[in-house]
>>> print(open('structure_5.cif').read())   # mmCIF, N, CA and C atoms
data_target
#
loop_
_atom_site.label_atom_id
_atom_site.label_comp_id
_atom_site.auth_asym_id
_atom_site.auth_seq_id
_atom_site.Cartn_x
_atom_site.Cartn_y
_atom_site.Cartn_z
N MET A 1 158.40 143.47 102.08
CA MET A 1 157.98 142.80 100.86
C MET A 1 157.71 141.32 101.10
N GLY A 2 158.45 140.67 102.02
CA GLY A 2 158.28 139.27 102.34
C GLY A 2 156.91 138.97 102.92
N ARG A 3 156.44 139.90 103.76
CA ARG A 3 155.10 139.72 104.37
C ARG A 3 154.00 139.81 103.34
N ALA A 4 154.14 140.70 102.40
CA ALA A 4 153.13 140.88 101.37
C ALA A 4 153.01 139.60 100.53
N LYS A 5 154.15 139.00 100.17
CA LYS A 5 154.13 137.77 99.39
C LYS A 5 153.47 136.64 100.18
N THR A 6 153.72 136.60 101.48
CA THR A 6 153.10 135.58 102.33
C THR A 6 151.59 135.73 102.34
N PHE A 7 151.10 136.96 102.49
CA PHE A 7 149.65 137.20 102.52
C PHE A 7 149.02 136.90 101.16
N ILE A 8 149.72 137.25 100.09
CA ILE A 8 149.20 136.95 98.76
C ILE A 8 149.13 135.43 98.56
N GLY A 9 150.18 134.73 98.98
CA GLY A 9 150.19 133.26 98.88
C GLY A 9 149.07 132.63 99.67
N LEU A 10 148.85 133.12 100.90
CA LEU A 10 147.76 132.60 101.73
C LEU A 10 146.40 132.90 101.09
N GLY A 11 146.27 134.08 100.51
CA GLY A 11 145.02 134.45 99.85
C GLY A 11 144.73 133.54 98.67
N ILE A 12 145.75 133.25 97.88
CA ILE A 12 145.58 132.36 96.73
C ILE A 12 145.21 130.95 97.20
N ALA A 13 145.87 130.47 98.24
CA ALA A 13 145.56 129.15 98.78
C ALA A 13 144.13 129.09 99.30
N LEU A 14 143.70 130.13 99.97
CA LEU A 14 142.34 130.18 100.51
C LEU A 14 141.32 130.14 99.37
N VAL A 15 141.56 130.92 98.32
CA VAL A 15 140.65 130.94 97.18
C VAL A 15 140.61 129.54 96.53
N ALA A 16 141.75 128.88 96.42
CA ALA A 16 141.79 127.55 95.82
C ALA A 16 141.00 126.55 96.66
N VAL A 17 141.15 126.58 97.97
CA VAL A 17 140.43 125.67 98.86
C VAL A 17 138.93 125.92 98.77
N VAL A 18 138.51 127.16 98.80
CA VAL A 18 137.09 127.49 98.69
C VAL A 18 136.55 127.02 97.35
N GLY A 19 137.34 127.20 96.30
CA GLY A 19 136.92 126.76 94.97
C GLY A 19 136.74 125.24 94.90
N LEU A 20 137.66 124.50 95.50
CA LEU A 20 137.54 123.04 95.52
C LEU A 20 136.33 122.58 96.32
N ILE A 21 136.06 123.23 97.42
CA ILE A 21 134.88 122.90 98.23
C ILE A 21 133.61 123.18 97.43
N ALA A 22 133.58 124.30 96.73
CA ALA A 22 132.40 124.64 95.92
C ALA A 22 132.22 123.63 94.80
N LEU A 23 133.30 123.22 94.14
CA LEU A 23 133.23 122.24 93.07
C LEU A 23 132.72 120.90 93.60
N GLY A 24 133.22 120.48 94.76
CA GLY A 24 132.75 119.24 95.38
C GLY A 24 131.28 119.30 95.72
N GLY A 25 130.84 120.42 96.26
CA GLY A 25 129.42 120.59 96.58
C GLY A 25 128.55 120.52 95.34
N TRP A 26 129.01 121.16 94.28
CA TRP A 26 128.27 121.14 93.02
C TRP A 26 128.19 119.71 92.48
N ALA A 27 129.30 118.98 92.54
CA ALA A 27 129.33 117.61 92.02
C ALA A 27 128.39 116.70 92.80
N LEU A 28 128.34 116.86 94.11
CA LEU A 28 127.53 115.98 94.94
C LEU A 28 126.07 116.42 95.05
N TYR A 29 125.86 117.72 95.11
CA TYR A 29 124.52 118.21 95.40
C TYR A 29 123.99 119.17 94.36
N GLY A 30 124.68 119.30 93.24
CA GLY A 30 124.27 120.23 92.19
C GLY A 30 122.90 119.91 91.64
N GLU A 31 122.45 120.78 90.79
CA GLU A 31 121.12 120.65 90.22
C GLU A 31 120.95 119.33 89.48
N SER A 32 119.84 118.69 89.72
CA SER A 32 119.55 117.41 89.06
C SER A 32 119.17 117.64 87.61
N GLY A 33 119.57 116.69 86.79
CA GLY A 33 119.12 116.65 85.41
C GLY A 33 118.23 115.44 85.24
N HIS A 34 117.62 115.33 84.09
CA HIS A 34 116.75 114.18 83.83
C HIS A 34 117.03 113.64 82.44
N VAL A 35 117.13 112.33 82.35
CA VAL A 35 117.31 111.61 81.09
C VAL A 35 116.24 110.53 81.07
N TYR A 36 115.66 110.32 79.91
CA TYR A 36 114.56 109.36 79.78
C TYR A 36 115.00 108.20 78.90
N VAL A 37 114.66 106.99 79.33
CA VAL A 37 115.04 105.78 78.60
C VAL A 37 113.87 104.81 78.53
N LYS A 38 113.98 103.87 77.60
CA LYS A 38 113.06 102.74 77.54
C LYS A 38 113.88 101.50 77.85
N VAL A 39 113.46 100.74 78.85
CA VAL A 39 114.21 99.56 79.28
C VAL A 39 114.24 98.51 78.18
N ASP A 40 115.44 98.02 77.90
CA ASP A 40 115.65 96.96 76.92
C ASP A 40 116.52 95.91 77.62
N ASN A 41 115.90 94.82 78.05
CA ASN A 41 116.65 93.82 78.82
C ASN A 41 117.65 93.03 77.97
N ALA A 42 117.70 93.30 76.68
CA ALA A 42 118.77 92.74 75.85
C ALA A 42 120.06 93.54 76.07
N ARG A 43 119.96 94.69 76.73
CA ARG A 43 121.12 95.56 76.95
C ARG A 43 121.47 95.68 78.43
N VAL A 44 121.25 94.62 79.17
CA VAL A 44 121.61 94.58 80.59
C VAL A 44 122.65 93.48 80.79
N ALA A 45 123.56 93.71 81.73
CA ALA A 45 124.59 92.71 82.03
C ALA A 45 124.63 92.51 83.54
N ALA A 46 124.82 91.27 83.94
CA ALA A 46 125.03 90.99 85.36
C ALA A 46 126.43 91.49 85.72
N ILE A 47 126.56 92.09 86.90
CA ILE A 47 127.85 92.59 87.35
C ILE A 47 128.18 92.02 88.71
N GLU A 48 129.42 92.11 89.09
CA GLU A 48 129.84 91.73 90.44
C GLU A 48 129.06 92.60 91.43
N PRO A 49 128.30 92.00 92.35
CA PRO A 49 127.50 92.80 93.27
C PRO A 49 128.35 93.79 94.08
N ARG A 50 127.89 95.02 94.11
CA ARG A 50 128.52 96.05 94.95
C ARG A 50 127.46 97.08 95.31
N ALA A 51 127.42 97.39 96.58
CA ALA A 51 126.43 98.35 97.11
C ALA A 51 125.01 97.95 96.74
N GLY A 52 124.74 96.64 96.69
CA GLY A 52 123.40 96.17 96.40
C GLY A 52 123.04 96.15 94.93
N MET A 53 123.94 96.60 94.07
CA MET A 53 123.66 96.65 92.63
C MET A 53 124.21 95.38 91.97
N GLU A 54 123.36 94.75 91.15
CA GLU A 54 123.75 93.48 90.52
C GLU A 54 123.62 93.48 89.00
N HIS A 55 123.04 94.55 88.44
CA HIS A 55 122.84 94.63 86.99
C HIS A 55 123.25 96.01 86.49
N GLU A 56 123.78 96.03 85.26
CA GLU A 56 124.17 97.31 84.65
C GLU A 56 123.52 97.43 83.28
N TYR A 57 122.81 98.55 83.09
CA TYR A 57 122.15 98.85 81.82
C TYR A 57 122.97 99.87 81.05
N ARG A 58 123.02 99.71 79.75
CA ARG A 58 123.58 100.69 78.82
C ARG A 58 122.50 100.95 77.78
N LEU A 59 121.84 102.09 77.92
CA LEU A 59 120.68 102.39 77.08
C LEU A 59 120.85 103.74 76.40
N ASP A 60 120.10 103.94 75.32
CA ASP A 60 120.05 105.24 74.69
C ASP A 60 119.10 106.11 75.51
N GLY A 61 119.61 107.24 75.95
CA GLY A 61 118.81 108.14 76.76
C GLY A 61 118.56 109.44 76.02
N PHE A 62 117.51 110.13 76.41
CA PHE A 62 117.14 111.38 75.76
C PHE A 62 116.83 112.45 76.80
N ALA A 63 117.39 113.63 76.59
CA ALA A 63 117.05 114.79 77.42
C ALA A 63 115.68 115.29 76.99
N ALA A 64 115.10 116.20 77.75
CA ALA A 64 113.76 116.70 77.46
C ALA A 64 113.65 117.33 76.07
N ASP A 65 114.77 117.85 75.54
CA ASP A 65 114.75 118.46 74.22
C ASP A 65 114.99 117.46 73.09
N GLY A 66 115.14 116.17 73.44
CA GLY A 66 115.33 115.13 72.44
C GLY A 66 116.79 114.80 72.15
N THR A 67 117.73 115.48 72.80
CA THR A 67 119.14 115.20 72.60
C THR A 67 119.47 113.82 73.12
N GLN A 68 120.17 113.02 72.30
CA GLN A 68 120.46 111.63 72.64
C GLN A 68 121.86 111.47 73.21
N SER A 69 121.98 110.54 74.16
CA SER A 69 123.28 110.13 74.69
C SER A 69 123.14 108.74 75.27
N GLU A 70 124.25 108.00 75.31
CA GLU A 70 124.20 106.68 75.94
C GLU A 70 124.28 106.87 77.45
N VAL A 71 123.46 106.13 78.18
CA VAL A 71 123.41 106.24 79.63
C VAL A 71 123.72 104.87 80.23
N THR A 72 124.58 104.87 81.23
CA THR A 72 124.91 103.65 81.95
C THR A 72 124.47 103.82 83.40
N PHE A 73 123.76 102.84 83.91
CA PHE A 73 123.34 102.89 85.32
C PHE A 73 123.17 101.48 85.84
N GLN A 74 123.23 101.37 87.16
CA GLN A 74 123.14 100.06 87.81
C GLN A 74 121.86 99.95 88.63
N THR A 75 121.38 98.72 88.73
CA THR A 75 120.15 98.45 89.48
C THR A 75 120.32 97.17 90.31
N PRO A 76 119.50 97.01 91.34
CA PRO A 76 119.60 95.79 92.15
C PRO A 76 118.93 94.58 91.48
N ARG A 77 118.13 94.81 90.45
CA ARG A 77 117.39 93.73 89.79
C ARG A 77 117.16 94.11 88.34
N GLU A 78 116.75 93.13 87.53
CA GLU A 78 116.36 93.46 86.17
C GLU A 78 115.06 94.23 86.22
N LEU A 79 114.94 95.21 85.37
CA LEU A 79 113.75 96.05 85.33
C LEU A 79 112.75 95.50 84.31
N ARG A 80 111.54 96.02 84.37
CA ARG A 80 110.49 95.55 83.47
C ARG A 80 110.82 95.96 82.04
N ASP A 81 110.96 94.96 81.17
CA ASP A 81 111.30 95.21 79.78
C ASP A 81 110.23 96.10 79.14
N GLY A 82 110.66 97.14 78.44
CA GLY A 82 109.74 98.06 77.76
C GLY A 82 109.26 99.20 78.63
N ALA A 83 109.62 99.22 79.91
CA ALA A 83 109.20 100.30 80.80
C ALA A 83 109.93 101.58 80.45
N TYR A 84 109.28 102.71 80.67
CA TYR A 84 109.90 104.02 80.48
C TYR A 84 110.39 104.51 81.84
N LEU A 85 111.61 105.02 81.86
CA LEU A 85 112.20 105.51 83.11
C LEU A 85 112.60 106.96 82.99
N ASP A 86 112.42 107.68 84.08
CA ASP A 86 112.95 109.04 84.26
C ASP A 86 114.17 108.87 85.17
N LEU A 87 115.36 109.04 84.61
CA LEU A 87 116.60 108.90 85.38
C LEU A 87 117.02 110.25 85.92
N GLU A 88 117.24 110.33 87.22
CA GLU A 88 117.75 111.56 87.82
C GLU A 88 119.28 111.50 87.76
N THR A 89 119.87 112.57 87.26
CA THR A 89 121.33 112.61 87.13
C THR A 89 121.90 113.79 87.92
N LYS A 90 123.15 113.62 88.33
CA LYS A 90 123.89 114.69 89.01
C LYS A 90 125.20 114.89 88.27
N PRO A 91 125.73 116.11 88.29
CA PRO A 91 127.01 116.36 87.65
C PRO A 91 128.08 115.44 88.24
N LEU A 92 128.89 114.88 87.41
CA LEU A 92 130.01 114.00 87.75
C LEU A 92 129.60 112.65 88.32
N ARG A 93 128.48 112.57 89.01
CA ARG A 93 128.06 111.31 89.62
C ARG A 93 127.25 110.44 88.67
N GLY A 94 126.64 111.05 87.68
CA GLY A 94 125.81 110.29 86.75
C GLY A 94 124.43 110.02 87.31
N VAL A 95 123.90 108.84 87.04
CA VAL A 95 122.54 108.49 87.46
C VAL A 95 122.53 108.22 88.97
N VAL A 96 121.65 108.93 89.68
CA VAL A 96 121.54 108.76 91.13
C VAL A 96 120.19 108.21 91.55
N GLY A 97 119.27 108.10 90.60
CA GLY A 97 117.95 107.55 90.93
C GLY A 97 117.13 107.38 89.66
N TRP A 98 116.10 106.58 89.76
CA TRP A 98 115.23 106.36 88.62
C TRP A 98 113.81 106.10 89.10
N GLU A 99 112.87 106.38 88.20
CA GLU A 99 111.46 106.18 88.50
C GLU A 99 110.77 105.75 87.20
N GLU A 100 109.95 104.72 87.29
CA GLU A 100 109.18 104.31 86.12
C GLU A 100 108.06 105.31 85.91
N VAL A 101 107.87 105.71 84.65
CA VAL A 101 106.83 106.70 84.31
C VAL A 101 106.02 106.18 83.13
N ALA A 102 104.81 106.69 83.01
CA ALA A 102 103.96 106.36 81.86
C ALA A 102 104.47 107.08 80.63
N ARG A 103 104.32 106.47 79.46
CA ARG A 103 104.78 107.09 78.22
C ARG A 103 104.18 108.48 78.04
N ASP A 104 102.93 108.65 78.41
CA ASP A 104 102.25 109.94 78.26
C ASP A 104 102.86 111.04 79.12
N ASN A 105 103.61 110.66 80.16
CA ASN A 105 104.22 111.66 81.05
C ASN A 105 105.63 112.06 80.62
N LEU A 106 106.10 111.51 79.50
CA LEU A 106 107.41 111.88 78.97
C LEU A 106 107.29 113.19 78.19
N PRO A 107 108.35 113.99 78.15
CA PRO A 107 108.32 115.18 77.27
C PRO A 107 108.03 114.76 75.83
N ALA A 108 107.34 115.61 75.09
CA ALA A 108 106.91 115.27 73.72
C ALA A 108 108.08 114.85 72.84
N ALA A 109 109.19 115.56 72.89
CA ALA A 109 110.35 115.22 72.05
C ALA A 109 110.89 113.84 72.41
N VAL A 110 110.79 113.48 73.66
CA VAL A 110 111.28 112.18 74.12
C VAL A 110 110.34 111.07 73.66
N GLN A 111 109.04 111.32 73.74
CA GLN A 111 108.06 110.32 73.28
C GLN A 111 108.35 109.93 71.84
N ASP A 112 108.58 110.93 70.99
CA ASP A 112 108.85 110.67 69.59
C ASP A 112 110.12 109.84 69.41
N LYS A 113 111.18 110.21 70.12
CA LYS A 113 112.47 109.50 69.99
C LYS A 113 112.36 108.07 70.49
N LEU A 114 111.72 107.86 71.64
CA LEU A 114 111.62 106.51 72.20
C LEU A 114 110.68 105.65 71.37
N ALA A 115 109.71 106.25 70.71
CA ALA A 115 108.83 105.49 69.83
C ALA A 115 109.62 104.93 68.67
N GLN A 116 110.63 105.66 68.20
CA GLN A 116 111.48 105.19 67.10
C GLN A 116 112.41 104.08 67.55
N GLU A 117 112.65 103.99 68.88
CA GLU A 117 113.53 102.96 69.44
C GLU A 117 112.90 101.57 69.28
N GLY A 118 111.60 101.53 69.15
CA GLY A 118 110.95 100.23 68.98
C GLY A 118 110.29 99.82 70.18
#
>>> encode(input="structure_5.cif", output="structure tokens")
Amino acid sequence: MGRAKTFIGLGIALVAVVGLIALGGWALYGESGHVYVKVDNARVAAIEPRAGMEHEYRLDGFAADGTQSEVTFQTPRELRDGAYLDLETKPLRGVVGWEEVARDNLPAAVQDKLAQEG
């Protein structure tokens, strides 16, 4: 009976380790999401430089379906005021990249929401 408990314990530990590795992989390399924002330089703050980032934005972001959420991300410089950005996001890591896009290239629901932003 002692051996069986040992094997069961090892099996549970192995499953836990594999699960943690899978969760870490998902967090770091999981499927990208996209959030769209309009740059508002009234909502940027200078931060203590770290990893080349010197500014932090807190903007209203919108998913492709128009769902709103506040998004925080850092940049090495102030961005062009009024520019539209496609922010690439990862689970747990948040914003991992951004690209300026034309308003016409935003999802329709996002265009409407960002137009209301002013």
>>> atom_distance(input="structure_5.cif", atom1="atom CA of Thr67 of chain A", atom2="atom CA of Gln116 of chain A")
13.8 Å
>>> residues_around(input="structure_5.cif", residues="Glu54 of chain A", least_positions_apart="5", cutoff="9 Å", atoms="only C-alpha atoms", output="PyMOL selection string")
chain A and resi 45-49+74-78
>>> write_last_selection(input="structure_5.cif", atoms="N, CA and C atoms", output="JSON list (two decimals), in the coordinates of the input")
[["chain", "number", "residue", "atom", "x", "y", "z"],
["A", 45, "ALA", "N", 123.56, 93.71, 81.73],
["A", 45, "ALA", "CA", 124.59, 92.71, 82.03],
["A", 45, "ALA", "C", 124.63, 92.51, 83.54],
["A", 46, "ALA", "N", 124.82, 91.27, 83.94],
["A", 46, "ALA", "CA", 125.03, 90.99, 85.36],
["A", 46, "ALA", "C", 126.43, 91.49, 85.72],
["A", 47, "ILE", "N", 126.56, 92.09, 86.90],
["A", 47, "ILE", "CA", 127.85, 92.59, 87.35],
["A", 47, "ILE", "C", 128.18, 92.02, 88.71],
["A", 48, "GLU", "N", 129.42, 92.11, 89.09],
["A", 48, "GLU", "CA", 129.84, 91.73, 90.44],
["A", 48, "GLU", "C", 129.06, 92.60, 91.43],
["A", 49, "PRO", "N", 128.30, 92.00, 92.35],
["A", 49, "PRO", "CA", 127.50, 92.80, 93.27],
["A", 49, "PRO", "C", 128.35, 93.79, 94.08],
["A", 74, "GLN", "N", 123.23, 101.37, 87.16],
["A", 74, "GLN", "CA", 123.14, 100.06, 87.81],
["A", 74, "GLN", "C", 121.86, 99.95, 88.63],
["A", 75, "THR", "N", 121.38, 98.72, 88.73],
["A", 75, "THR", "CA", 120.15, 98.45, 89.48],
["A", 75, "THR", "C", 120.32, 97.17, 90.31],
["A", 76, "PRO", "N", 119.50, 97.01, 91.34],
["A", 76, "PRO", "CA", 119.60, 95.79, 92.15],
["A", 76, "PRO", "C", 118.93, 94.58, 91.48],
["A", 77, "ARG", "N", 118.13, 94.81, 90.45],
["A", 77, "ARG", "CA", 117.39, 93.73, 89.79],
["A", 77, "ARG", "C", 117.16, 94.11, 88.34],
["A", 78, "GLU", "N", 116.75, 93.13, 87.53],
["A", 78, "GLU", "CA", 116.36, 93.46, 86.17],
["A", 78, "GLU", "C", 115.06, 94.23, 86.22]]
>>> resolve_selection(input="structure_5.cif", expression="the PyMOL selection byres ((chain A and resi 82) around 6)", output="VMD selection string")
chain A and resid 38 to 41 80 to 81 83 to 84
>>> write_last_selection(input="structure_5.cif", atoms="N, CA and C atoms", output="mmCIF file, in the coordinates of the input")
data_model
loop_
_atom_site.group_PDB
_atom_site.id
_atom_site.type_symbol
_atom_site.label_atom_id
_atom_site.label_comp_id
_atom_site.auth_asym_id
_atom_site.auth_seq_id
_atom_site.Cartn_x
_atom_site.Cartn_y
_atom_site.Cartn_z
ATOM 1 N N LYS A 38 113.980 103.870 77.600
ATOM 2 C CA LYS A 38 113.060 102.740 77.540
ATOM 3 C C LYS A 38 113.880 101.500 77.850
ATOM 4 N N VAL A 39 113.460 100.740 78.850
ATOM 5 C CA VAL A 39 114.210 99.560 79.280
ATOM 6 C C VAL A 39 114.240 98.510 78.180
ATOM 7 N N ASP A 40 115.440 98.020 77.900
ATOM 8 C CA ASP A 40 115.650 96.960 76.920
ATOM 9 C C ASP A 40 116.520 95.910 77.620
ATOM 10 N N ASN A 41 115.900 94.820 78.050
ATOM 11 C CA ASN A 41 116.650 93.820 78.820
ATOM 12 C C ASN A 41 117.650 93.030 77.970
ATOM 13 N N ARG A 80 111.540 96.020 84.370
ATOM 14 C CA ARG A 80 110.490 95.550 83.470
ATOM 15 C C ARG A 80 110.820 95.960 82.040
ATOM 16 N N ASP A 81 110.960 94.960 81.170
ATOM 17 C CA ASP A 81 111.300 95.210 79.780
ATOM 18 C C ASP A 81 110.230 96.100 79.140
ATOM 19 N N ALA A 83 109.620 99.220 79.910
ATOM 20 C CA ALA A 83 109.200 100.300 80.800
ATOM 21 C C ALA A 83 109.930 101.580 80.450
ATOM 22 N N TYR A 84 109.280 102.710 80.670
ATOM 23 C CA TYR A 84 109.900 104.020 80.480
ATOM 24 C C TYR A 84 110.390 104.510 81.840
#
>>> closest_residue(input="structure_5.cif", among="A:Ala4, A:Val110, A:Val37, A:Leu79", to="Ala64 of chain A", atoms="only C-alpha atoms")
A:Val110
>>> resolve_selection(input="structure_5.cif", expression="the PyMOL selection byres ((chain A and resi 102) around 8)", output="compact mmCIF listing (two decimals) with N, CA and C atoms, in the frame of the given file")
# COMPACT_ATOMS: atom_id res chain seq x y z
N ALA A 83 109.62 99.22 79.91
CA ALA A 83 109.20 100.30 80.80
C ALA A 83 109.93 101.58 80.45
N TYR A 84 109.28 102.71 80.67
CA TYR A 84 109.90 104.02 80.48
C TYR A 84 110.39 104.51 81.84
N LEU A 85 111.61 105.02 81.86
CA LEU A 85 112.20 105.51 83.11
C LEU A 85 112.60 106.96 82.99
N ASP A 86 112.42 107.68 84.08
CA ASP A 86 112.95 109.04 84.26
C ASP A 86 114.17 108.87 85.17
N GLU A 99 112.87 106.38 88.20
CA GLU A 99 111.46 106.18 88.50
C GLU A 99 110.77 105.75 87.20
N GLU A 100 109.95 104.72 87.29
CA GLU A 100 109.18 104.31 86.12
C GLU A 100 108.06 105.31 85.91
N VAL A 101 107.87 105.71 84.65
CA VAL A 101 106.83 106.70 84.31
C VAL A 101 106.02 106.18 83.13
N ARG A 103 104.32 106.47 79.46
CA ARG A 103 104.78 107.09 78.22
C ARG A 103 104.18 108.48 78.04
N ASP A 104 102.93 108.65 78.41
CA ASP A 104 102.25 109.94 78.26
C ASP A 104 102.86 111.04 79.12
N ASN A 105 103.61 110.66 80.16
CA ASN A 105 104.22 111.66 81.05
C ASN A 105 105.63 112.06 80.62
N LEU A 106 106.10 111.51 79.50
CA LEU A 106 107.41 111.88 78.97
C LEU A 106 107.29 113.19 78.19
>>> resolve_selection(input="structure_5.cif", expression="the PyMOL selection byres ((chain A and resi 89) around 7)", output="number ranges by chain")
A: 31-35, 87-88, 90-91, 93-97
>>> select_by_dssp(input="structure_5.cif", residues="segment 15-117 of chain A", states="helix (DSSP H, G or I)", output="VMD selection string")
chain A and resid 15 to 29 41 to 43 103 to 105 108 to 117
>>> write_last_selection(input="structure_5.cif", atoms="N, CA and C atoms", output="mmCIF file, keeping the file's coordinate frame")
data_model
loop_
_atom_site.group_PDB
_atom_site.id
_atom_site.type_symbol
_atom_site.label_atom_id
_atom_site.label_comp_id
_atom_site.auth_asym_id
_atom_site.auth_seq_id
_atom_site.Cartn_x
_atom_site.Cartn_y
_atom_site.Cartn_z
ATOM 1 N N VAL A 15 141.560 130.920 98.320
ATOM 2 C CA VAL A 15 140.650 130.940 97.180
ATOM 3 C C VAL A 15 140.610 129.540 96.530
ATOM 4 N N ALA A 16 141.750 128.880 96.420
ATOM 5 C CA ALA A 16 141.790 127.550 95.820
ATOM 6 C C ALA A 16 141.000 126.550 96.660
ATOM 7 N N VAL A 17 141.150 126.580 97.970
ATOM 8 C CA VAL A 17 140.430 125.670 98.860
ATOM 9 C C VAL A 17 138.930 125.920 98.770
ATOM 10 N N VAL A 18 138.510 127.160 98.800
ATOM 11 C CA VAL A 18 137.090 127.490 98.690
ATOM 12 C C VAL A 18 136.550 127.020 97.350
ATOM 13 N N GLY A 19 137.340 127.200 96.300
ATOM 14 C CA GLY A 19 136.920 126.760 94.970
ATOM 15 C C GLY A 19 136.740 125.240 94.900
ATOM 16 N N LEU A 20 137.660 124.500 95.500
ATOM 17 C CA LEU A 20 137.540 123.040 95.520
ATOM 18 C C LEU A 20 136.330 122.580 96.320
ATOM 19 N N ILE A 21 136.060 123.230 97.420
ATOM 20 C CA ILE A 21 134.880 122.900 98.230
ATOM 21 C C ILE A 21 133.610 123.180 97.430
ATOM 22 N N ALA A 22 133.580 124.300 96.730
ATOM 23 C CA ALA A 22 132.400 124.640 95.920
ATOM 24 C C ALA A 22 132.220 123.630 94.800
ATOM 25 N N LEU A 23 133.300 123.220 94.140
ATOM 26 C CA LEU A 23 133.230 122.240 93.070
ATOM 27 C C LEU A 23 132.720 120.900 93.600
ATOM 28 N N GLY A 24 133.220 120.480 94.760
ATOM 29 C CA GLY A 24 132.750 119.240 95.380
ATOM 30 C C GLY A 24 131.280 119.300 95.720
ATOM 31 N N GLY A 25 130.840 120.420 96.260
ATOM 32 C CA GLY A 25 129.420 120.590 96.580
ATOM 33 C C GLY A 25 128.550 120.520 95.340
ATOM 34 N N TRP A 26 129.010 121.160 94.280
ATOM 35 C CA TRP A 26 128.270 121.140 93.020
ATOM 36 C C TRP A 26 128.190 119.710 92.480
ATOM 37 N N ALA A 27 129.300 118.980 92.540
ATOM 38 C CA ALA A 27 129.330 117.610 92.020
ATOM 39 C C ALA A 27 128.390 116.700 92.800
ATOM 40 N N LEU A 28 128.340 116.860 94.110
ATOM 41 C CA LEU A 28 127.530 115.980 94.940
ATOM 42 C C LEU A 28 126.070 116.420 95.050
ATOM 43 N N TYR A 29 125.860 117.720 95.110
ATOM 44 C CA TYR A 29 124.520 118.210 95.400
ATOM 45 C C TYR A 29 123.990 119.170 94.360
ATOM 46 N N ASN A 41 115.900 94.820 78.050
ATOM 47 C CA ASN A 41 116.650 93.820 78.820
ATOM 48 C C ASN A 41 117.650 93.030 77.970
ATOM 49 N N ALA A 42 117.700 93.300 76.680
ATOM 50 C CA ALA A 42 118.770 92.740 75.850
ATOM 51 C C ALA A 42 120.060 93.540 76.070
ATOM 52 N N ARG A 43 119.960 94.690 76.730
ATOM 53 C CA ARG A 43 121.120 95.560 76.950
ATOM 54 C C ARG A 43 121.470 95.680 78.430
ATOM 55 N N ARG A 103 104.320 106.470 79.460
ATOM 56 C CA ARG A 103 104.780 107.090 78.220
ATOM 57 C C ARG A 103 104.180 108.480 78.040
ATOM 58 N N ASP A 104 102.930 108.650 78.410
ATOM 59 C CA ASP A 104 102.250 109.940 78.260
ATOM 60 C C ASP A 104 102.860 111.040 79.120
ATOM 61 N N ASN A 105 103.610 110.660 80.160
ATOM 62 C CA ASN A 105 104.220 111.660 81.050
ATOM 63 C C ASN A 105 105.630 112.060 80.620
ATOM 64 N N ALA A 108 107.340 115.610 75.090
ATOM 65 C CA ALA A 108 106.910 115.270 73.720
ATOM 66 C C ALA A 108 108.080 114.850 72.840
ATOM 67 N N ALA A 109 109.190 115.560 72.890
ATOM 68 C CA ALA A 109 110.350 115.220 72.050
ATOM 69 C C ALA A 109 110.890 113.840 72.410
ATOM 70 N N VAL A 110 110.790 113.480 73.660
ATOM 71 C CA VAL A 110 111.280 112.180 74.120
ATOM 72 C C VAL A 110 110.340 111.070 73.660
ATOM 73 N N GLN A 111 109.040 111.320 73.740
ATOM 74 C CA GLN A 111 108.060 110.320 73.280
ATOM 75 C C GLN A 111 108.350 109.930 71.840
ATOM 76 N N ASP A 112 108.580 110.930 70.990
ATOM 77 C CA ASP A 112 108.850 110.670 69.590
ATOM 78 C C ASP A 112 110.120 109.840 69.410
ATOM 79 N N LYS A 113 111.180 110.210 70.120
ATOM 80 C CA LYS A 113 112.470 109.500 69.990
ATOM 81 C C LYS A 113 112.360 108.070 70.490
ATOM 82 N N LEU A 114 111.720 107.860 71.640
ATOM 83 C CA LEU A 114 111.620 106.510 72.200
ATOM 84 C C LEU A 114 110.680 105.650 71.370
ATOM 85 N N ALA A 115 109.710 106.250 70.710
ATOM 86 C CA ALA A 115 108.830 105.490 69.830
ATOM 87 C C ALA A 115 109.620 104.930 68.670
ATOM 88 N N GLN A 116 110.630 105.660 68.200
ATOM 89 C CA GLN A 116 111.480 105.190 67.100
ATOM 90 C C GLN A 116 112.410 104.080 67.550
ATOM 91 N N GLU A 117 112.650 103.990 68.880
ATOM 92 C CA GLU A 117 113.530 102.960 69.440
ATOM 93 C C GLU A 117 112.900 101.570 69.280
#
>>> select_by_dssp(input="structure_5.cif", residues="chain A", states="strand (DSSP E or B)", output="PyMOL selection string")
chain A and resi 33-38+44-50+53-62+68-75+84-90+94-101
>>> atom_distance(input="structure_5.cif", atom1="atom CA of Thr72 of chain A", atom2="atom CA of Arg50 of chain A")
15.5 Å
>>> atom_distance(input="structure_5.cif", atom1="atom CA of Ser69 of chain A", atom2="atom N of Lys113 of chain A")
12.9 Å
>>> axis_aligned_box(input="structure_5.cif", around="segment 55-72 of chain A", padding_each_side="8 Å", output="lines of an AutoDock Vina configuration file")
center_x = 119.3
center_y = 106.5
center_z = 80.3
size_x = 27.3
size_y = 39.9
size_z = 32.3
>>> closest_residue(input="structure_5.cif", among="A:Ala108, A:Ile12, A:Arg43, A:Gly52", to="Asp65 of chain A", atoms="all atoms listed in the file")
A:Ala108
